[in-house]
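What follows is a single structure, written as structure tokens, with notes after it.
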Amino acid sequence: MSSPNNQSNILQGSLNKDILLKLKGKRTIKGKLKSFDQYMNLTLDNASEVFEENKIQELGEIFIKGENIVIIATD
Amino acid sequence: MSSPNNQSNILQGSLNKDILLKLKGKRTIKGKLKSFDQYMNLTLDNASEVFEENKIQELGEIFIKGENIVIIATD
Amino acid sequence: MSSPNNQSNILQGSLNKDILLKLKGKRTIKGKLKSFDQYMNLTLDNASEVFEENKIQELGEIFIKGENIVIIATD
Amino acid sequence: MSSPNNQSNILQGSLNKDILLKLKGKRTIKGKLKSFDQYMNLTLDNASEVFEENKIQELGEIFIKGENIVIIATD
Amino acid sequence: MSSPNNQSNILQGSLNKDILLKLKGKRTIKGKLKSFDQYMNLTLDNASEVFEENKIQELGEIFIKGENIVIIATD
Amino acid sequence: MSSPNNQSNILQGSLNKDILLKLKGKRTIKGKLKSFDQYMNLTLDNASEVFEENKIQELGEIFIKGENIVIIATD
Amino acid sequence: MSSPNNQSNILQGSLNKDILLKLKGKRTIKGKLKSFDQYMNLTLDNASEVFEENKIQELGEIFIKGENIVIIATD
């Protein structure tokens, strides 16, 4: 088995960088990763929700419960 | 691992301040945080539900079950 | 940690008063709280379901399973 | 804590009477309650599903799995 | 407590008869009950899925996982 | 209780034959059954997803996680 | 029982190849498989989300939580 770069490594490597998140329920969130824990709970800074046709709602500093995360995109 | 400011810290720092919540099922709630517990159950004052096109339903004092919370935005 | 007025206190204080409930699956219910238990199972009197554009379906006396409750608004 | 008339009492008092059920997934069912168990599994007689605009599909005798029940309205 | 005719009895009495099933996710299935087990897993013969406006897709012999069943209607 | 032909038997009898699957979330998949395990995880060959109006997306060889399967139709 | 090529084998055989994923909530993702673990957590490179009418959103390097995966198509 090829062990994936595990999620801690991925998140560690993305600290203070912009990430994009796809959540359950079709939400898309982007922002700068500030911290994470072993449940994939995240805090982001300069976060915003991205809606269809690229409309954006600015959210500032946010906490996201990890159980809702489907995809983490790290550019 | 960079420990996130854990959720207790985030919520503690937001007591008596306005927060915005994104819940499962696409609900958006805002209000002043009055209390919380370890399950992220919250009570808010001056709460309202925010619908599309910024229509608002005033809810007054509310209790929210923590299991429904996806995102907490603290301005 | 600031302990929320826990849910028993909130519900105890609302006995025989009108409350409004937001349930999973986008249901909104209102009625007079008659009783509750530790699972947040509730019985309401003079209950009704509130639909969009404030259409209402009267339900009379109802039992609600607590696991479906997202928000309790106590005026 | 004000113990609700527990669900057994509510169901016991509704035996052989018409009840209305709101289920997960937005289903509405009505019929005459014939029996129930501790999981809130129910059997109804003369049951029907009620759709929008009060269209009705007659179902006859049915068994409902209790885990799907959100609200029981007993007139 | 009035014990319902339990689900085994209901299913036993419907063997080789036509039943109608309402499943989670708004599916409606009908067919002749051929067998069942304690998880309410069913096999049906001459089964079909019923869509809106009574359009039908014939499915032949099917296996249904019991956890998806909401309502069993036995005519 | 009439034991259903259990799911292993059903799947065993369908090896190398075409089956049709209804999944949670309203997906319909068809293909030739190549293998299965005790969790009802399946591999199919010549698989395709069937959309409304019988539009088809060819998927080739696929793995399906068993927990998503609602109905297995074996012609 | 015909043991399926188990998921590790399937994923092992697809390393560094393009795969297509169907996720819960109707998402479709494609990309080159870079790594996986025993929870079916995956990392993909050159990933993109595929929307209706084949519109595509490029996502670059992504992490996908395995619990959201319904189907893995390996060409």
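Going through the structure tokens in order, the chains are called A, B, and so on, while each chain numbers its residues from 1 and the ligands are numbered from 1 in the order shown.
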Mobile chain G placed on reference chain E by ordered C-alpha fit, as an mmCIF file with C-alpha atoms, in the first residue's frame:
```cif
data_model
loop_
_atom_site.group_PDB
_atom_site.id
_atom_site.type_symbol
_atom_site.label_atom_id
_atom_site.label_comp_id
_atom_site.auth_asym_id
_atom_site.auth_seq_id
_atom_site.Cartn_x
_atom_site.Cartn_y
_atom_site.Cartn_z
ATOM 1 C CA MET G 1 -48.240 -1.368 25.358
ATOM 2 C CA SER G 2 -50.082 -2.815 22.433
ATOM 3 C CA SER G 3 -47.499 -4.883 20.647
ATOM 4 C CA PRO G 4 -47.765 -4.331 16.927
ATOM 5 C CA ASN G 5 -48.094 -7.278 14.753
ATOM 6 C CA ASN G 6 -44.328 -7.377 14.541
ATOM 7 C CA GLN G 7 -42.575 -6.967 11.272
ATOM 8 C CA SER G 8 -41.877 -10.671 10.910
ATOM 9 C CA ASN G 9 -45.560 -11.414 11.182
ATOM 10 C CA ILE G 10 -46.410 -8.727 8.679
ATOM 11 C CA LEU G 11 -43.829 -9.957 6.228
ATOM 12 C CA GLN G 12 -44.687 -13.625 6.844
ATOM 13 C CA GLY G 13 -48.318 -12.882 6.039
ATOM 14 C CA SER G 14 -47.343 -11.170 2.809
ATOM 15 C CA LEU G 15 -45.178 -13.912 1.302
ATOM 16 C CA ASN G 16 -46.008 -14.438 -2.358
ATOM 17 C CA LYS G 17 -48.308 -11.437 -2.281
ATOM 18 C CA ASP G 18 -47.861 -8.004 -3.811
ATOM 19 C CA ILE G 19 -46.485 -5.327 -1.496
ATOM 20 C CA LEU G 20 -45.640 -1.678 -1.985
ATOM 21 C CA LEU G 21 -42.548 -0.131 -0.392
ATOM 22 C CA LYS G 22 -41.657 3.493 0.294
ATOM 23 C CA LEU G 23 -37.892 3.858 0.591
ATOM 24 C CA LYS G 24 -35.622 6.609 1.840
ATOM 25 C CA GLY G 25 -34.848 9.058 -0.917
ATOM 26 C CA LYS G 26 -38.427 9.069 -2.164
ATOM 27 C CA ARG G 27 -38.313 5.771 -4.047
ATOM 28 C CA THR G 28 -41.479 3.689 -4.397
ATOM 29 C CA ILE G 29 -41.114 -0.012 -5.235
ATOM 30 C CA LYS G 30 -43.737 -2.688 -5.757
ATOM 31 C CA GLY G 31 -43.512 -6.412 -6.380
ATOM 32 C CA LYS G 32 -44.270 -9.864 -5.027
ATOM 33 C CA LEU G 33 -42.533 -10.663 -1.732
ATOM 34 C CA LYS G 34 -40.413 -13.784 -2.066
ATOM 35 C CA SER G 35 -38.281 -13.751 1.083
ATOM 36 C CA PHE G 36 -37.064 -11.597 3.982
ATOM 37 C CA ASP G 37 -34.660 -11.752 6.879
ATOM 38 C CA GLN G 38 -34.354 -10.199 10.335
ATOM 39 C CA TYR G 39 -32.785 -7.012 8.914
ATOM 40 C CA MET G 40 -35.856 -6.543 6.741
ATOM 41 C CA ASN G 41 -33.734 -7.298 3.689
ATOM 42 C CA LEU G 42 -36.245 -8.400 1.079
ATOM 43 C CA THR G 43 -36.316 -10.151 -2.247
ATOM 44 C CA LEU G 44 -39.159 -9.327 -4.608
ATOM 45 C CA ASP G 45 -40.239 -10.865 -7.858
ATOM 46 C CA ASN G 46 -41.885 -8.980 -10.729
ATOM 47 C CA ALA G 47 -40.627 -5.805 -9.080
ATOM 48 C CA SER G 48 -40.821 -2.319 -10.533
ATOM 49 C CA GLU G 49 -39.990 1.199 -9.451
ATOM 50 C CA VAL G 50 -42.919 3.597 -9.584
ATOM 51 C CA PHE G 51 -42.140 7.169 -10.579
ATOM 52 C CA GLU G 52 -44.280 10.265 -10.609
ATOM 53 C CA GLU G 53 -47.324 10.200 -12.846
ATOM 54 C CA ASN G 54 -47.258 6.405 -12.472
ATOM 55 C CA LYS G 55 -44.405 5.862 -14.895
ATOM 56 C CA ILE G 56 -42.896 2.457 -14.164
ATOM 57 C CA GLN G 57 -39.472 0.881 -14.631
ATOM 58 C CA GLU G 58 -39.596 -2.904 -14.570
ATOM 59 C CA LEU G 59 -36.812 -4.417 -12.493
ATOM 60 C CA GLY G 60 -37.599 -8.165 -12.466
ATOM 61 C CA GLU G 61 -36.130 -9.969 -9.450
ATOM 62 C CA ILE G 62 -34.601 -7.621 -6.893
ATOM 63 C CA PHE G 63 -32.860 -7.544 -3.530
ATOM 64 C CA ILE G 64 -33.593 -4.539 -1.264
ATOM 65 C CA LYS G 65 -31.448 -3.628 1.718
ATOM 66 C CA GLY G 66 -33.765 -3.315 4.713
ATOM 67 C CA GLU G 67 -32.174 -0.181 6.130
ATOM 68 C CA ASN G 68 -33.681 1.814 3.256
ATOM 69 C CA ILE G 69 -37.277 0.823 3.908
ATOM 70 C CA VAL G 70 -39.584 3.431 5.459
ATOM 71 C CA ILE G 71 -43.063 1.997 4.844
ATOM 72 C CA ILE G 72 -44.391 -1.420 3.881
ATOM 73 C CA ALA G 73 -47.928 -1.420 2.515
ATOM 74 C CA THR G 74 -49.645 -4.804 2.366
ATOM 75 C CA ASP G 75 -52.910 -4.627 0.580
#
```
Quick one: pick out all alpha helix (DSSP H) residues within chain A from a backbone DSSP run and write them as a PDB file with N, CA, C and O atoms, in the first residue's frame.
```pdb
ATOM      1  N   GLN A   7      -3.109  13.209   6.164  1.00  0.00           N
ATOM      2  CA  GLN A   7      -3.781  14.510   6.198  1.00  0.00           C
ATOM      3  C   GLN A   7      -3.048  15.525   7.071  1.00  0.00           C
ATOM      4  O   GLN A   7      -3.073  16.722   6.798  1.00  0.00           O
ATOM      5  N   SER A   8      -2.349  15.046   8.102  1.00  0.00           N
ATOM      6  CA  SER A   8      -1.598  15.991   8.920  1.00  0.00           C
ATOM      7  C   SER A   8      -0.484  16.629   8.096  1.00  0.00           C
ATOM      8  O   SER A   8      -0.252  17.834   8.162  1.00  0.00           O
ATOM      9  N   ASN A   9       0.183  15.786   7.287  1.00  0.00           N
ATOM     10  CA  ASN A   9       1.251  16.342   6.456  1.00  0.00           C
ATOM     11  C   ASN A   9       0.703  17.364   5.476  1.00  0.00           C
ATOM     12  O   ASN A   9       1.295  18.433   5.257  1.00  0.00           O
ATOM     13  N   ILE A  10      -0.412  17.001   4.855  1.00  0.00           N
ATOM     14  CA  ILE A  10      -1.014  17.905   3.872  1.00  0.00           C
ATOM     15  C   ILE A  10      -1.375  19.223   4.527  1.00  0.00           C
ATOM     16  O   ILE A  10      -1.080  20.305   4.001  1.00  0.00           O
ATOM     17  N   LEU A  11      -2.010  19.133   5.691  1.00  0.00           N
ATOM     18  CA  LEU A  11      -2.439  20.360   6.359  1.00  0.00           C
ATOM     19  C   LEU A  11      -1.223  21.124   6.880  1.00  0.00           C
ATOM     20  O   LEU A  11      -1.159  22.355   6.781  1.00  0.00           O
ATOM     21  N   GLN A  12      -0.235  20.390   7.433  1.00  0.00           N
ATOM     22  CA  GLN A  12       0.974  21.065   7.937  1.00  0.00           C
ATOM     23  C   GLN A  12       1.639  21.877   6.808  1.00  0.00           C
ATOM     24  O   GLN A  12       2.054  23.009   7.011  1.00  0.00           O
ATOM     25  N   GLY A  13       1.673  21.269   5.638  1.00  0.00           N
ATOM     26  CA  GLY A  13       2.320  21.932   4.521  1.00  0.00           C
ATOM     27  C   GLY A  13       1.544  23.120   3.978  1.00  0.00           C
ATOM     28  O   GLY A  13       2.067  23.899   3.174  1.00  0.00           O
TER      29      GLY A  13
END
```
